[in-house]
file input28.txt (compact mmCIF, C-alpha atoms)
# COMPACT_ATOMS: atom_id res chain seq x y z
CA MET A 171 -86.42 -14.11 56.08
CA LYS A 172 -84.24 -11.03 55.54
CA LEU A 173 -82.39 -9.08 58.21
CA ILE A 174 -82.30 -5.32 57.68
CA ILE A 175 -79.39 -3.51 59.28
CA ASN A 176 -81.10 -0.63 61.07
CA GLU A 177 -78.28 1.92 60.82
CA GLY A 178 -78.41 3.56 57.39
CA ASN A 179 -75.51 4.69 55.26
CA PRO A 180 -75.86 8.45 54.58
CA ASN A 181 -73.68 8.10 51.48
CA GLY A 182 -75.57 5.22 49.95
CA GLY A 183 -74.71 6.14 46.36
CA ALA A 184 -71.20 4.96 47.14
CA ASP A 185 -72.51 1.39 47.31
CA LEU A 186 -73.49 1.59 43.63
CA VAL A 187 -70.09 3.07 42.75
CA ILE A 188 -68.38 0.17 44.53
CA LYS A 189 -70.65 -2.30 42.70
CA MET A 190 -69.60 -0.84 39.32
CA LEU A 191 -65.92 -1.17 40.17
CA GLN A 192 -66.49 -4.64 41.55
CA GLU A 193 -68.09 -5.77 38.29
CA LYS A 194 -64.99 -4.56 36.44
CA ASN A 195 -62.70 -6.25 39.00
CA ILE A 196 -60.78 -3.01 39.45
CA ILE A 197 -59.32 -4.06 42.79
CA GLY A 198 -58.06 -7.25 41.14
CA LEU A 199 -56.53 -5.25 38.28
CA PHE A 200 -54.71 -2.95 40.69
CA ASN A 201 -53.45 -5.87 42.75
CA ASP A 202 -52.24 -7.76 39.68
CA LYS A 203 -50.27 -4.76 38.42
CA LEU A 204 -48.89 -3.54 41.75
CA GLY A 205 -48.22 -6.93 43.29
CA PRO A 206 -48.84 -8.30 46.78
CA ARG A 207 -48.16 -6.45 50.00
CA SER A 208 -46.65 -7.86 53.16
CA PRO A 209 -48.65 -10.78 54.66
CA ARG A 210 -49.14 -8.58 57.72
CA ALA A 211 -50.87 -5.85 55.68
CA LYS A 212 -54.60 -5.75 56.31
CA TYR A 213 -55.46 -4.14 52.97
CA SER A 214 -54.21 -4.74 49.43
CA TYR A 215 -53.09 -1.92 47.15
CA GLY A 216 -56.34 -2.17 45.21
CA GLU A 217 -58.45 -1.95 48.35
CA GLY A 218 -56.48 1.08 49.51
CA ILE A 219 -56.88 2.98 46.23
CA VAL A 220 -60.59 2.20 46.00
CA SER A 221 -61.08 3.21 49.65
CA TRP A 222 -59.53 6.59 48.88
CA TYR A 223 -61.57 6.98 45.69
CA VAL A 224 -64.87 6.21 47.41
CA SER A 225 -63.92 8.54 50.29
CA LYS A 226 -63.36 11.31 47.74
CA CYS A 227 -66.75 10.62 46.18
CA CYS A 228 -68.31 10.89 49.64
CA GLY A 229 -66.74 14.30 50.28
CA ALA A 230 -63.24 13.77 51.71
CA ARG A 231 -60.91 16.65 50.88
CA ARG A 232 -57.66 15.46 52.44
CA ILE A 233 -56.47 11.99 53.37
CA GLU A 234 -57.18 12.56 57.05
CA ASN A 235 -60.87 13.01 56.14
CA MET A 236 -61.02 9.28 55.39
CA TYR A 237 -61.81 8.81 59.08
CA ASP A 238 -65.22 10.37 58.41
CA TYR A 239 -66.17 7.57 55.99
CA GLN A 240 -64.16 4.66 57.35
CA TYR A 241 -67.02 3.23 59.40
CA ASP A 242 -69.49 3.21 56.49
CA LEU A 243 -66.97 1.55 54.17
CA LYS A 244 -66.20 -1.14 56.73
CA LYS A 245 -69.89 -2.11 56.76
CA HIS A 246 -69.71 -3.17 53.10
CA LEU A 247 -70.72 -6.83 53.03
CA LYS A 248 -68.66 -7.98 50.07
CA LEU A 249 -65.42 -5.98 50.07
CA ASN A 250 -62.59 -5.29 52.48
CA LEU A 251 -62.72 -1.47 52.46
CA GLY A 252 -62.24 1.27 55.03
CA MET A 253 -58.46 1.77 55.15
CA SER A 254 -57.31 4.38 57.69
CA PRO A 255 -55.43 7.51 56.55
CA ASP A 256 -52.23 6.33 58.23
CA SER A 257 -52.42 2.98 56.46
CA LEU A 258 -52.93 4.69 53.11
CA LEU A 259 -49.93 6.96 53.68
CA TYR A 260 -47.80 3.95 54.55
CA MET A 261 -48.99 2.24 51.37
CA LEU A 262 -47.88 5.25 49.31
CA LYS A 263 -44.39 4.98 50.80
CA GLU A 264 -44.20 1.32 49.74
CA LEU A 265 -44.87 2.25 46.12
CA ALA A 266 -42.34 5.10 45.90
CA VAL A 267 -39.25 4.89 43.69
CA LYS A 268 -36.03 6.89 43.73
CA SER A 269 -35.71 10.17 41.86
CA THR A 270 -33.46 10.79 38.88
CA TYR A 271 -31.10 13.78 38.84
CA ILE A 272 -30.03 15.47 35.60
CA LYS A 273 -27.37 18.14 35.57
CA LYS A 274 -28.61 21.57 34.53
CA ARG A 275 -27.00 23.40 31.66
CA ASN A 276 -24.19 25.90 32.21
CA ILE A 277 -23.09 24.26 35.45
CA THR A 278 -19.33 23.86 35.65
CA GLU A 279 -17.78 20.54 36.55
CA ASN A 280 -16.12 22.04 39.62
CA LEU A 281 -19.42 23.34 40.93
CA ALA A 282 -21.14 20.04 40.15
CA LYS A 283 -18.57 18.12 42.19
CA LYS A 284 -19.50 20.17 45.24
CA ILE A 285 -23.06 18.88 45.10
CA GLU A 286 -23.37 15.78 47.23
CA LYS A 287 -24.38 12.81 45.07
CA GLY A 288 -25.83 15.16 42.47
CA LYS A 289 -28.84 16.03 44.59
CA GLY A 290 -28.40 19.80 44.91
CA PHE A 291 -30.22 22.68 43.27
CA ASP A 292 -27.88 22.54 40.27
CA PHE A 293 -29.62 19.35 39.16
CA HIS A 294 -33.11 18.76 37.85
CA GLN A 295 -34.99 16.35 40.11
CA ILE A 296 -37.56 14.15 38.36
CA ASN A 297 -39.52 11.15 39.54
CA VAL A 298 -41.26 8.66 37.26
CA ASN A 299 -42.86 5.46 38.51
CA PRO A 300 -43.01 3.03 35.54
CA ILE A 301 -45.41 0.59 37.20
CA MET A 302 -47.84 3.36 38.05
CA CYS A 303 -47.59 4.81 34.52
CA ASP A 304 -48.48 1.38 33.13
CA LEU A 305 -51.41 1.18 35.51
CA LEU A 306 -52.86 4.49 34.29
CA ILE A 307 -52.98 3.19 30.72
CA ASP A 308 -54.12 -0.33 31.63
CA THR A 309 -56.98 1.05 33.76
CA ALA A 310 -58.17 3.40 31.00
CA LEU A 311 -58.14 0.49 28.52
CA GLU A 312 -59.91 -1.89 30.91
CA LEU A 313 -62.67 0.64 31.55
CA GLY A 314 -63.15 1.40 27.86
CA LEU A 315 -62.05 5.04 28.14
CA LEU A 316 -59.32 4.35 25.57
CA ASN A 317 -59.15 1.70 22.87
CA LYS A 318 -56.64 0.27 20.45
CA THR A 319 -58.59 0.93 17.26
CA LYS A 320 -58.52 4.74 17.24
CA SER A 321 -55.73 7.16 16.42
CA TYR A 322 -55.42 9.84 19.10
CA ILE A 323 -54.15 13.34 19.73
CA LEU A 324 -51.60 13.44 22.55
CA ASP A 325 -51.51 16.53 24.77
CA PHE A 326 -48.72 17.39 27.18
CA ASP A 327 -48.63 20.07 29.84
CA VAL A 328 -47.04 21.08 33.13
CA SER A 329 -48.86 22.22 36.28
CA GLU A 330 -47.83 24.08 39.41
CA ILE A 331 -48.40 22.60 42.87
CA VAL A 332 -47.50 25.28 45.38
CA ASN A 333 -46.44 23.82 48.73
CA LYS A 334 -44.16 24.38 51.67
CA ILE A 335 -42.82 20.84 51.88
CA LYS A 336 -39.18 20.85 52.87
CA ASP A 337 -37.81 19.36 49.65
CA SER A 338 -39.79 21.54 47.20
CA ARG A 339 -37.90 24.20 45.27
CA ALA A 340 -38.49 27.77 44.10
CA PHE A 341 -40.88 27.74 41.15
CA TYR A 342 -39.22 28.40 37.79
CA LYS A 343 -41.56 31.29 36.92
CA GLY A 344 -39.99 33.33 39.70
CA ASN A 345 -43.16 34.04 41.67
CA GLY A 346 -41.39 33.67 45.02
CA LYS A 347 -43.17 30.39 45.86
CA THR A 348 -41.87 26.88 46.34
CA ALA A 349 -43.61 24.22 44.33
CA TYR A 350 -43.57 20.99 42.39
CA ALA A 351 -43.96 21.22 38.60
CA PRO A 352 -45.39 17.83 37.52
CA ALA A 353 -45.88 17.09 33.82
CA ALA A 354 -48.70 14.99 32.43
CA ALA A 355 -49.52 13.51 29.04
CA MET A 356 -53.19 13.03 28.28
CA ILE A 357 -55.47 11.58 25.63
CA GLU A 358 -59.01 12.96 25.51
CA ASN A 359 -58.42 14.30 29.04
CA ILE A 360 -57.36 10.89 30.32
CA PRO A 361 -53.92 11.00 32.01
CA VAL A 362 -51.62 8.36 30.49
CA TYR A 363 -48.25 9.50 31.84
CA ILE A 364 -47.10 11.49 34.87
CA GLU A 365 -43.63 12.76 35.62
CA ASN A 366 -43.13 14.71 38.80
CA ARG A 367 -40.56 17.49 38.57
CA ASN A 368 -39.37 19.79 41.26
CA GLY A 369 -40.36 23.42 40.95
CA ASP A 370 -37.19 24.73 39.32
CA SER A 371 -37.56 22.60 36.16
CA ASN A 372 -39.44 24.50 33.46
CA ALA A 373 -41.93 23.11 30.95
CA SER A 374 -39.39 22.70 28.13
CA PHE A 375 -36.92 20.71 30.23
CA ASN A 376 -36.02 17.38 28.54
CA LEU A 377 -39.22 17.64 26.49
CA PRO A 378 -38.19 15.79 23.28
CA GLN A 379 -36.76 12.87 25.27
CA THR A 380 -39.88 12.72 27.44
CA ILE A 381 -42.28 12.79 24.49
CA GLU A 382 -40.33 10.06 22.70
CA LYS A 383 -40.51 7.88 25.80
CA ILE A 384 -44.27 8.44 26.07
CA ILE A 385 -44.85 7.60 22.41
CA TYR A 386 -43.01 4.28 22.75
CA LEU A 387 -44.82 3.49 26.00
CA LEU A 388 -48.22 4.03 24.39
CA LYS A 389 -47.18 2.05 21.33
CA SER A 390 -46.21 -0.88 23.57
CA LYS A 391 -49.77 -0.77 24.95
CA GLY A 392 -51.32 -0.78 21.47
CA ILE A 393 -52.40 2.87 21.58
CA ASN A 394 -51.84 4.83 18.37
CA ILE A 395 -50.89 8.51 18.36
CA SER A 396 -51.13 10.61 15.19
CA ILE A 397 -50.76 14.19 16.45
CA ILE A 398 -48.79 15.81 19.29
CA ARG A 399 -50.30 19.06 20.59
CA ILE A 400 -48.21 21.16 22.99
CA ASP A 401 -47.82 24.84 23.86
CA SER A 402 -44.72 26.96 23.15
CA ALA A 403 -42.57 24.81 25.47
CA ALA A 404 -42.21 22.52 22.43
CA PHE A 405 -41.02 25.28 20.10
CA SER A 406 -37.56 23.90 19.39
CA LYS A 407 -35.76 22.34 16.43
CA GLU A 408 -34.89 19.32 18.55
CA PHE A 409 -38.58 18.65 19.22
CA THR A 410 -39.85 19.19 15.67
CA ASP A 411 -37.03 17.10 14.20
CA LEU A 412 -37.91 14.25 16.56
CA ILE A 413 -41.62 14.26 15.69
CA ASN A 414 -40.86 14.36 11.98
CA LYS A 415 -38.50 11.40 12.31
CA LEU A 416 -41.18 9.48 14.21
CA GLY A 417 -43.56 10.06 11.29
CA LEU A 418 -46.11 11.95 13.40
CA LYS A 419 -47.81 15.34 13.13
CA TYR A 420 -47.37 18.15 15.62
CA VAL A 421 -49.08 21.44 16.41
CA THR A 422 -47.35 23.80 18.80
CA ARG A 423 -47.42 27.49 19.57
CA ALA A 424 -44.63 29.59 18.07
CA LYS A 425 -42.41 31.97 20.01
CA SER A 426 -43.23 35.66 19.49
CA ILE A 427 -39.82 36.47 18.01
CA SER A 428 -40.26 33.81 15.34
CA VAL A 429 -43.80 35.04 14.54
CA ASN A 430 -42.48 38.57 14.07
CA ASN A 431 -39.74 37.28 11.77
CA GLN A 432 -42.14 35.28 9.57
CA LYS A 433 -45.19 37.56 9.36
CA LYS A 434 -43.57 39.70 6.65
CA PHE A 435 -43.58 36.73 4.27
CA ILE A 436 -47.35 36.27 4.39
CA ARG A 437 -49.21 37.57 1.35
CA ASN A 438 -52.43 35.58 1.63
CA TRP A 439 -54.21 37.13 4.65
CA GLU A 440 -57.82 35.94 4.76
CA GLU A 441 -60.68 36.65 7.12
CA THR A 442 -61.25 33.48 9.13
CA ALA A 443 -63.81 32.69 11.85
CA ILE A 444 -62.07 31.28 14.94
CA LYS A 445 -64.15 30.67 18.08
CA LYS A 446 -66.94 33.00 16.88
CA LEU A 447 -64.42 35.78 16.19
CA THR A 448 -63.17 36.83 12.78
CA ASN A 449 -59.43 37.31 12.38
CA ASP A 450 -57.06 37.85 9.50
CA VAL A 451 -55.09 34.62 9.11
CA GLY A 452 -52.24 33.63 6.82
CA ASP A 453 -49.49 31.04 6.57
CA THR A 454 -45.93 30.67 5.37
CA VAL A 455 -43.34 27.91 5.06
CA PHE A 456 -39.77 28.12 6.33
CA GLU A 457 -36.84 25.92 7.32
CA PHE A 458 -36.83 24.94 10.99
CA GLY A 459 -34.26 22.33 11.95
CA GLU A 460 -33.91 19.58 9.34
CA TYR A 461 -37.43 19.94 7.95
CA GLU A 462 -39.75 22.48 6.39
CA THR A 463 -42.26 23.93 8.80
CA ARG A 464 -45.56 25.68 8.26
CA MET A 465 -46.39 28.68 10.41
CA ILE A 466 -49.96 29.92 10.66
CA ILE A 467 -50.25 33.47 11.97
CA LYS A 468 -53.33 35.21 13.27
CA LYS A 469 -53.76 38.96 13.63
CA VAL A 470 -55.21 39.85 17.02
CA TYR A 471 -56.69 43.34 17.31
CA VAL A 472 -56.45 44.96 20.74
CA SER A 473 -59.74 46.84 21.15
CA LYS A 474 -58.62 49.48 23.65
CA THR A 475 -55.55 50.64 21.74
CA ASN A 476 -56.53 49.51 18.22
CA ASN A 477 -53.08 47.96 17.93
CA VAL A 478 -52.40 44.69 16.14
CA LYS A 479 -50.62 41.74 17.74
CA TYR A 480 -49.54 38.61 15.95
CA TRP A 481 -50.01 35.09 17.29
CA GLY A 482 -48.79 31.95 15.58
CA ILE A 483 -48.51 28.19 15.64
CA ILE A 484 -46.24 25.83 13.72
CA THR A 485 -47.04 22.43 12.28
CA ASN A 486 -45.80 19.83 9.82
CA ASP A 487 -49.34 19.41 8.49
CA PHE A 488 -49.31 20.96 5.00
CA GLU A 489 -52.71 19.62 3.90
CA SER A 490 -55.25 20.91 6.44
CA SER A 491 -56.69 24.42 6.18
CA ASN A 492 -55.51 27.25 8.40
CA LYS A 493 -58.85 27.24 10.16
CA ASP A 494 -58.81 23.50 10.85
CA ILE A 495 -55.35 23.68 12.41
CA LEU A 496 -56.20 26.73 14.50
CA ASP A 497 -59.38 25.03 15.68
CA LEU A 498 -57.39 21.92 16.54
CA TYR A 499 -54.92 23.91 18.63
CA ALA A 500 -57.74 25.84 20.32
CA LEU A 501 -59.05 22.56 21.76
CA ARG A 502 -55.83 22.31 23.78
CA GLY A 503 -57.60 24.44 26.36
CA ASP A 504 -59.84 21.47 27.14
CA ALA A 505 -56.75 19.39 27.92
CA GLU A 506 -55.42 22.09 30.25
CA ASN A 507 -58.61 21.68 32.29
CA LEU A 508 -57.40 18.22 33.31
CA PHE A 509 -55.37 19.73 36.15
CA SER A 510 -58.47 21.45 37.55
CA SER A 511 -60.23 18.08 37.53
CA LEU A 512 -57.24 16.39 39.19
CA ASN A 513 -57.29 19.08 41.88
CA GLU A 514 -60.76 17.85 42.84
CA PHE A 515 -59.11 14.55 43.78
CA GLY A 516 -56.29 16.13 45.78
CA TRP A 517 -53.62 16.71 43.09
CA ASN A 518 -52.76 20.13 44.58
CA LEU A 519 -52.70 18.90 48.20
CA PRO A 520 -49.66 16.60 48.52
CA PRO A 521 -49.92 14.85 51.92
CA MET A 522 -46.41 13.43 52.32
CA ARG A 523 -43.09 14.87 53.47
CA THR A 524 -40.96 13.85 50.51
CA PHE A 525 -40.96 14.44 46.78
CA GLU A 526 -40.88 10.70 45.92
CA ASN A 527 -43.79 9.77 48.18
CA ASN A 528 -45.88 12.66 46.89
CA THR A 529 -45.26 11.47 43.34
CA VAL A 530 -47.10 8.24 44.18
CA PHE A 531 -49.99 10.33 45.48
CA LEU A 532 -50.16 12.12 42.10
CA TYR A 533 -50.56 8.75 40.38
CA ILE A 534 -53.25 7.68 42.87
CA THR A 535 -55.04 10.97 42.24
CA ALA A 536 -54.96 10.34 38.48
CA LEU A 537 -56.24 6.77 38.94
CA CYS A 538 -59.15 8.11 41.00
CA TYR A 539 -59.96 10.60 38.27
CA ILE A 540 -59.97 7.80 35.68
CA LEU A 541 -62.33 5.78 37.90
CA PHE A 542 -64.53 8.87 38.21
CA ARG A 543 -64.70 9.36 34.45
CA PHE A 544 -65.82 5.74 34.10
CA THR A 545 -68.32 6.07 36.95
CA THR A 546 -70.02 9.22 35.66
CA LYS A 547 -70.06 7.93 32.10
CA LEU A 548 -71.90 4.79 33.20
CA ILE A 549 -74.30 6.56 35.55
CA SER A 550 -75.12 9.33 33.06
CA GLU A 551 -76.72 6.72 30.81
CA LYS A 552 -79.51 6.18 33.37
CA PHE A 553 -79.51 9.32 35.55
CA PRO A 554 -79.97 12.55 33.52
CA LYS A 555 -78.82 14.74 36.43
CA ILE A 556 -75.36 13.20 36.21
CA LYS A 557 -73.31 13.87 33.11
CA GLY A 558 -70.04 12.35 31.96
CA THR A 559 -68.48 15.78 32.51
CA SER A 560 -69.96 16.37 35.98
CA LYS A 561 -67.76 17.86 38.67
CA LEU A 562 -66.99 15.79 41.74
CA LYS A 563 -69.00 18.02 44.10
CA THR A 564 -72.05 17.83 41.83
CA PHE A 565 -71.75 14.06 41.72
CA THR A 566 -71.47 13.85 45.52
CA ASP A 567 -74.48 16.08 46.11
CA LYS A 568 -76.78 14.57 43.49
CA PHE A 569 -75.85 10.91 43.57
CA ILE A 570 -73.83 9.88 46.61
CA ARG A 571 -75.86 11.55 49.37
CA VAL A 572 -78.69 9.01 49.48
CA ILE A 573 -79.48 6.99 52.62
CA THR A 574 -79.39 3.24 52.06
CA TYR A 575 -79.67 0.15 54.26
CA TRP A 576 -77.90 -3.15 53.83
CA VAL A 577 -80.12 -6.20 53.68
CA LYS A 578 -78.96 -9.71 54.61
CA GLY A 579 -81.01 -12.65 53.61
call {"tool": "encode", "arguments": {"input": "input28.txt", "output": "structure tokens"}}
result
Amino acid sequence: MKLIINEGNPNGGADLVIKMLQEKNIIGLFNDKLGPRSPRAKYSYGEGIVSWYVSKCCGARRIENMYDYQYDLKKHLKLNLGMSPDSLLYMLKELAVKSTYIKKRNITENLAKKIEKGKGFDFHQINVNPIMCDLLIDTALELGLLNKTKSYILDFDVSEIVNKIKDSRAFYKGNGKTAYAPAAAMIENIPVYIENRNGDSNASFNLPQTIEKIIYLLKSKGINISIIRIDSAAFSKEFTDLINKLGLKYVTRAKSISVNNQKKFIRNWEETAIKKLTNDVGDTVFEFGEYETRMIIKKVYVSKTNNVKYWGIITNDFESSNKDILDLYALRGDAENLFSSLNEFGWNLPPMRTFENNTVFLYITALCYILFRFTTKLISEKFPKIKGTSKLKTFTDKFIRVITYWVKG
């Protein structure tokens, strides 16, 4: 005889999501990597992260919205889920690590000494959590979203999280807002590294050192990178020299002044179809740092004024065609969309009062996005209305909002 629990779960699709994660032992993976909590803690780290992920799938926008789904999660017969918002916030604090402070350029020693413990506005403030970075990569590997047999393109970009939290700083673009400026490295839109930076650190800050660290981290995990693709923040001799010495390829946008200097050396302009548009394209080779560099320049015609602008990228790939390299760089736009996807999981809504604690939330957000990519990929194989690229709201409306009843027997 079976006992049917009369009260239904209005977000019944979440039960199937939990089942998928359970079969992959995701909670166990998280707990193994993050370690045990205090014996007095009711929930493990894995249970807390999965509780937040499932709450997001059900429609939670901010952490406090977890209250709306706590009761349904607590009814789950096989898992200890349903963490309260306050408990999740406390968990984030436990995982936080101290920030690193790096002196900005052109700051005199006398002025630096006046800054207490190096934590003033004359220092870059960055926060990297090594354990959480490892967990991003390990989770993507465990779920089959990355593998060790392919050679990947690595993208790197910086986002803006506008906020009024007390420790955030004026954004480096000078828009009058205070913000964080977190950087993320991604492979096929999967975040594999996050570094939170306060708002006054621009995209080119410490970039070669950061990229080198990411490359070695991925290598230690068995992930192979063949190409680095970054915007004009990477246009520096220090960066290109590093990538050449590492034996990798790079594609990065050139600064306008350099494009204008090199365009006069191009004699082989050819009509080339790029993104359904035809442009005159040519290339030239010049010395940049310790190595020769290839610049590909595209003429862009401004329709209203009939003027011509020049746009260029540089690379150390001397074999591929101009079109292939331009097409490769054009796909960087897909990587930039990662931040829009992360925003669906709360990336742009930091809930804590300190920079370090909010950094942990960024990692949790990225983990939830990785779980979502796995979830939609699996479900799309059997439910045509759900695609691997579905937005969170679409997934909630079309899959999660189904009434189910638990059966004991």
call {"tool": "atom_distance", "arguments": {"input": "input28.txt", "atom1": "CA of Leu259 (chain A)", "atom2": "CA of Pro521 (chain A)"}}
result
8.1 Å
call {"tool": "residues_near_point", "arguments": {"input": "input28.txt", "point": "(-66.5, 2.9, 46.3)", "cutoff": "10 Å", "atoms": "all atoms listed in the file", "output": "compact mmCIF listing (two decimals) with C-alpha atoms, keeping the file's coordinate frame"}}
result
# COMPACT_ATOMS: atom_id res chain seq x y z
CA GLY A 183 -74.71 6.14 46.36
CA ALA A 184 -71.20 4.96 47.14
CA ASP A 185 -72.51 1.39 47.31
CA LEU A 186 -73.49 1.59 43.63
CA VAL A 187 -70.09 3.07 42.75
CA ILE A 188 -68.38 0.17 44.53
CA LYS A 189 -70.65 -2.30 42.70
CA MET A 190 -69.60 -0.84 39.32
CA LEU A 191 -65.92 -1.17 40.17
CA GLN A 192 -66.49 -4.64 41.55
CA GLU A 217 -58.45 -1.95 48.35
CA ILE A 219 -56.88 2.98 46.23
CA VAL A 220 -60.59 2.20 46.00
CA SER A 221 -61.08 3.21 49.65
CA TRP A 222 -59.53 6.59 48.88
CA TYR A 223 -61.57 6.98 45.69
CA VAL A 224 -64.87 6.21 47.41
CA SER A 225 -63.92 8.54 50.29
CA LYS A 226 -63.36 11.31 47.74
CA CYS A 227 -66.75 10.62 46.18
CA CYS A 228 -68.31 10.89 49.64
CA LEU A 243 -66.97 1.55 54.17
CA HIS A 246 -69.71 -3.17 53.10
CA LEU A 249 -65.42 -5.98 50.07
CA LEU A 251 -62.72 -1.47 52.46
CA GLY A 252 -62.24 1.27 55.03
CA LEU A 541 -62.33 5.78 37.90
call {"tool": "residues_around", "arguments": {"input": "input28.txt", "residues": "Leu501 (chain A)", "least_positions_apart": "4", "cutoff": "12 Å", "atoms": "all atoms listed in the file", "output": "list of chain:residue names"}}
result
A:Ile323, A:Leu324, A:Asp325, A:Glu358, A:Asn359, A:Arg399, A:Ile400, A:Asp401, A:Val421, A:Ile444, A:Lys445, A:Asp494, A:Ile495, A:Leu496, A:Asp497, A:Ala505, A:Glu506, A:Asn507
call {"tool": "residues_around", "arguments": {"input": "input28.txt", "residues": "Pro300 (chain A)", "least_positions_apart": "3", "cutoff": "10 Å", "atoms": "only C-alpha atoms", "output": "number ranges by chain"}}
result
A: 267, 297, 303-305, 363-365, 387
call {"tool": "axis_aligned_box", "arguments": {"input": "input28.txt", "around": "region 216-230 of chain A", "padding_each_side": "6 Å", "output": "AutoDock Vina command-line options"}}
result
--center_x -62.3 --center_y 6.1 --center_z 48.5 --size_x 24.0 --size_y 28.5 --size_z 18.5
call {"tool": "closest_residue", "arguments": {"input": "input28.txt", "among": "A:Ile556, A:Ala424, A:Ile360, A:Ile534", "to": "Leu316 (chain A)", "atoms": "only C-alpha atoms"}}
result
A:Ile360
call {"tool": "residues_around", "arguments": {"input": "input28.txt", "residues": "Leu388 (chain A)", "least_positions_apart": "3", "cutoff": "10 Å", "atoms": "all atoms listed in the file", "output": "JSON, numbers by chain"}}
result
{"A": [304, 307, 362, 363, 383, 384, 385, 391, 392, 393, 394, 395]}
call {"tool": "atom_distance", "arguments": {"input": "input28.txt", "atom1": "CA of Ile484 (chain A)", "atom2": "CA of Arg275 (chain A)"}}
result
26.4 Å
call {"tool": "atom_distance", "arguments": {"input": "input28.txt", "atom1": "CA of Ser269 (chain A)", "atom2": "CA of Pro361 (chain A)"}}
result
20.7 Å
call {"tool": "residues_around", "arguments": {"input": "input28.txt", "residues": "Thr454 (chain A)", "least_positions_apart": "2", "cutoff": "6 Å", "atoms": "all atoms listed in the file", "output": "list in words"}}
result
Ile436, Arg464 and Met465 of chain A
call {"tool": "residues_around", "arguments": {"input": "input28.txt", "residues": "Ala349 (chain A)", "least_positions_apart": "4", "cutoff": "7 Å", "atoms": "only C-alpha atoms", "output": "list of chain:residue names"}}
result
A:Glu330, A:Ile331, A:Val332, A:Asn333, A:Ser338, A:Arg339, A:Ala340, A:Phe341, A:Asn368, A:Gly369
call {"tool": "closest_residue", "arguments": {"input": "input28.txt", "among": "A:Lys407, A:Lys446, A:Lys347, A:Lys273", "to": "Pro378 (chain A)", "atoms": "only C-alpha atoms"}}
result
A:Lys407
call {"tool": "decode", "arguments": {"input": "input28.txt", "residues": "region 378-382 of chain A", "atoms": "all heavy atoms", "output": "PDB file, in the first residue's frame"}}
result
ATOM      1  N   PRO A 378      48.611  40.057 -17.774  1.00  0.00           N
ATOM      2  CA  PRO A 378      49.512  38.945 -18.112  1.00  0.00           C
ATOM      3  C   PRO A 378      49.724  37.978 -16.956  1.00  0.00           C
ATOM      4  O   PRO A 378      49.700  36.755 -17.141  1.00  0.00           O
ATOM      5  CB  PRO A 378      50.818  39.671 -18.484  1.00  0.00           C
ATOM      6  CG  PRO A 378      50.394  41.033 -18.908  1.00  0.00           C
ATOM      7  CD  PRO A 378      49.233  41.375 -18.020  1.00  0.00           C
ATOM      8  N   GLN A 379      49.914  38.513 -15.748  1.00  0.00           N
ATOM      9  CA  GLN A 379      50.128  37.654 -14.580  1.00  0.00           C
ATOM     10  C   GLN A 379      48.889  36.798 -14.297  1.00  0.00           C
ATOM     11  O   GLN A 379      48.996  35.614 -13.936  1.00  0.00           O
ATOM     12  CB  GLN A 379      50.472  38.509 -13.363  1.00  0.00           C
ATOM     13  CG  GLN A 379      51.786  39.252 -13.463  1.00  0.00           C
ATOM     14  CD  GLN A 379      51.697  40.570 -14.227  1.00  0.00           C
ATOM     15  OE1 GLN A 379      50.662  40.900 -14.807  1.00  0.00           O
ATOM     16  NE2 GLN A 379      52.777  41.322 -14.208  1.00  0.00           N
ATOM     17  N   THR A 380      47.722  37.392 -14.466  1.00  0.00           N
ATOM     18  CA  THR A 380      46.481  36.657 -14.217  1.00  0.00           C
ATOM     19  C   THR A 380      46.294  35.537 -15.234  1.00  0.00           C
ATOM     20  O   THR A 380      45.938  34.400 -14.878  1.00  0.00           O
ATOM     21  CB  THR A 380      45.278  37.611 -14.255  1.00  0.00           C
ATOM     22  OG1 THR A 380      45.457  38.640 -13.273  1.00  0.00           O
ATOM     23  CG2 THR A 380      43.983  36.871 -13.963  1.00  0.00           C
ATOM     24  N   ILE A 381      46.513  35.840 -16.510  1.00  0.00           N
ATOM     25  CA  ILE A 381      46.353  34.831 -17.557  1.00  0.00           C
ATOM     26  C   ILE A 381      47.337  33.682 -17.366  1.00  0.00           C
ATOM     27  O   ILE A 381      46.994  32.502 -17.508  1.00  0.00           O
ATOM     28  CB  ILE A 381      46.534  35.460 -18.952  1.00  0.00           C
ATOM     29  CG1 ILE A 381      45.378  36.429 -19.244  1.00  0.00           C
ATOM     30  CG2 ILE A 381      46.609  34.385 -20.024  1.00  0.00           C
ATOM     31  CD1 ILE A 381      44.008  35.784 -19.295  1.00  0.00           C
ATOM     32  N   GLU A 382      48.573  34.005 -17.001  1.00  0.00           N
ATOM     33  CA  GLU A 382      49.562  32.951 -16.764  1.00  0.00           C
ATOM     34  C   GLU A 382      49.113  32.042 -15.628  1.00  0.00           C
ATOM     35  O   GLU A 382      49.215  30.809 -15.714  1.00  0.00           O
ATOM     36  CB  GLU A 382      50.919  33.575 -16.435  1.00  0.00           C
ATOM     37  CG  GLU A 382      52.027  32.548 -16.281  1.00  0.00           C
ATOM     38  CD  GLU A 382      53.390  33.187 -16.092  1.00  0.00           C
ATOM     39  OE1 GLU A 382      53.453  34.355 -15.644  1.00  0.00           O
ATOM     40  OE2 GLU A 382      54.399  32.520 -16.379  1.00  0.00           O
TER      41      GLU A 382
END
